[in-house]
Amino acid sequence: MHLDKIDVAIIQSLIQDGRKSFRQIAKEIKVSTPTVESHYTKMRGTGIIKNIVPMFDVDKLDEQLSAFVFLKTNPSQSVNIANKLSSIPIVQGIYVMTGDFNLMVKVIAEKPEHIEAFIREKLAVIKGVRSVSYHIVARTIKEEQTIPLKENMAVKLKCHYCENEISSDPKTLEVGEFQRYFCCNSCLTLYKQKYKGRIDAIANKEK
């Protein structure tokens with residue numbers, strides 16, 4: 001799957017202001033409102049657009065600070081450790097990296113001692129963590145999620161059943177307003193069997 005010029009234009013418009021309506025975006029990029037809605041829904045379904053949420057400036061909030069925690073882990077356990085950390089509320093971001101430290105975790109807490117407690121009570125007890133280092137952010141100069149987009153940029157898709165990357169043309173399934181993508185007919189069939197009740201309920205609701 002590839003981004004087309006309408007996809008790129010919609011993303012760039014939302015980056016400028018995520019509060020824009022489909023109608024406003026349509027007028028701006030000179031297409032119809034249903035076209036914007038269709039492309040937006042497609043990008044939500046593929047995961048290119050995860051969500052549209054406000055970005056907070058932690059520096060302007062009392063009793064809130066952010067820190068980056070660097071972990072050296074057993075390489076074979078990095079993803080498993082990252083998944084365990086993802087459920088902890090103060091964890092805002094987790095990144096698998098190359099180099100001496102192979103995981104970086106962004107956390108937001110009220111006080112430095114809360115970060116220390118998180119490291120001592122949550123990180124240090126996880127099997128596979130070899131060493132931990134952290135740095136508290138003194139001031140944020142720039143924090144954005146903009147990326148250079150261009151037409152025909154390839155989009156990586158994961159199978160909604162087995163979660164493996166899809167290397168060929170995906171099999172698709174309409175579930176409500178979103179599409180689900182599968183690497184093969186077997187995964188598509190197994191997904192339908194597993195979520196039959198939910199799929200039927202959504203289909204009946206739309207009638």
# chains A, B, ... in the order shown; residues from 1 in each chain; ligands from 1
$ residues_around --residues "stretch 66-82 of chain A" --least-positions-apart "2" --cutoff "10 Å" --atoms "only C-alpha atoms" --output "VMD selection string"
chain A and resid 58 to 59 64 84 to 87 90 to 97 99 to 112 115 119 123 to 124 126 to 140
$ closest_atom_pairs --of "stretch 84-158 of chain A" --to "stretch 26-47 of chain A" --cutoff "10 Å" --atoms "only C-alpha atoms" --output "JSON lines"
{"residue": "A:Val155", "atom": "CA", "partner": "A:Thr46", "partner_atom": "CA", "distance": 8.3}
{"residue": "A:Lys156", "atom": "CA", "partner": "A:Thr46", "partner_atom": "CA", "distance": 8.4}
{"residue": "A:Leu157", "atom": "CA", "partner": "A:Thr46", "partner_atom": "CA", "distance": 6.5}
{"residue": "A:Lys158", "atom": "CA", "partner": "A:Thr46", "partner_atom": "CA", "distance": 8.3}
$ closest_residue --among "A:Pro89, A:Gly176, A:Phe182, A:Glu144" --to "A:Arg198" --atoms "only C-alpha atoms"
A:Gly176
$ closest_residue --among "A:Tyr191, A:Phe22, A:Phe118, A:Tyr181" --to "A:Glu165" --atoms "only C-alpha atoms"
A:Tyr181
$ closest_atom_pairs --of "stretch 84-189 of chain A" --to "stretch 7-19 of chain A" --cutoff "10 Å" --atoms "only C-alpha atoms" --output "Markdown table"
| residue | atom | partner | partner_atom | distance |
| --- | --- | --- | --- | --- |
| A:Glu144 | CA | A:Ile15 | CA | 9.5 |
| A:Gln145 | CA | A:Ile15 | CA | 8.4 |
| A:Thr146 | CA | A:Ile15 | CA | 7.1 |
| A:Ile147 | CA | A:Gln12 | CA | 9.5 |
| A:Pro148 | CA | A:Gln12 | CA | 9.7 |
| A:Leu149 | CA | A:Val8 | CA | 6.4 |
| A:Lys150 | CA | A:Val8 | CA | 6.6 |
| A:Glu151 | CA | A:Val8 | CA | 6.6 |
| A:Asn152 | CA | A:Val8 | CA | 9.4 |
| A:Met153 | CA | A:Val8 | CA | 9.3 |
$ write_last_selection --atoms "N, CA and C atoms" --output "compact mmCIF listing (two decimals), in the first residue's frame"
# COMPACT_ATOMS: atom_id res chain seq x y z
N GLU A 144 8.01 17.65 18.24
CA GLU A 144 7.00 17.53 17.19
C GLU A 144 6.99 16.11 16.67
N GLN A 145 5.93 15.79 15.94
CA GLN A 145 5.84 14.48 15.32
C GLN A 145 5.74 14.58 13.80
N THR A 146 6.15 15.71 13.27
CA THR A 146 6.10 15.86 11.82
C THR A 146 7.18 15.01 11.16
N ILE A 147 6.85 14.45 10.01
CA ILE A 147 7.80 13.65 9.25
C ILE A 147 7.70 14.06 7.79
N PRO A 148 8.78 13.92 7.02
CA PRO A 148 8.72 14.28 5.59
C PRO A 148 7.88 13.26 4.82
N LEU A 149 6.73 13.70 4.34
CA LEU A 149 5.83 12.82 3.60
C LEU A 149 5.91 13.12 2.11
N LYS A 150 5.70 12.10 1.32
CA LYS A 150 5.67 12.30 -0.13
C LYS A 150 4.73 11.28 -0.75
N GLU A 151 4.22 11.64 -1.91
CA GLU A 151 3.32 10.76 -2.63
C GLU A 151 4.02 9.46 -2.99
N ASN A 152 3.28 8.35 -2.94
CA ASN A 152 3.77 6.99 -3.25
C ASN A 152 4.69 6.42 -2.16
N MET A 153 4.75 7.06 -1.01
CA MET A 153 5.51 6.49 0.10
C MET A 153 4.85 5.18 0.54
$ atom_distance --atom1 "atom CA of A:Cys159" --atom2 "atom CA of A:Glu174"
14.1 Å
$ residues_around --residues "A:Lys171" --least-positions-apart "5" --cutoff "9 Å" --atoms "only C-alpha atoms" --output "number ranges by chain"
A: 180-185, 188
$ atom_distance --atom1 "atom CA of A:Asn204" --atom2 "atom CA of A:Pro170"
25.7 Å
$ select_by_dssp --residues "stretch 43-201 of chain A" --states "strand (DSSP E)" --output "PyMOL selection string"
chain A and resi 65-73+91-96+103-109+129-136+171-175+178-182
$ atom_distance --atom1 "atom CA of A:Asp169" --atom2 "atom CA of A:Leu3"
14.8 Å
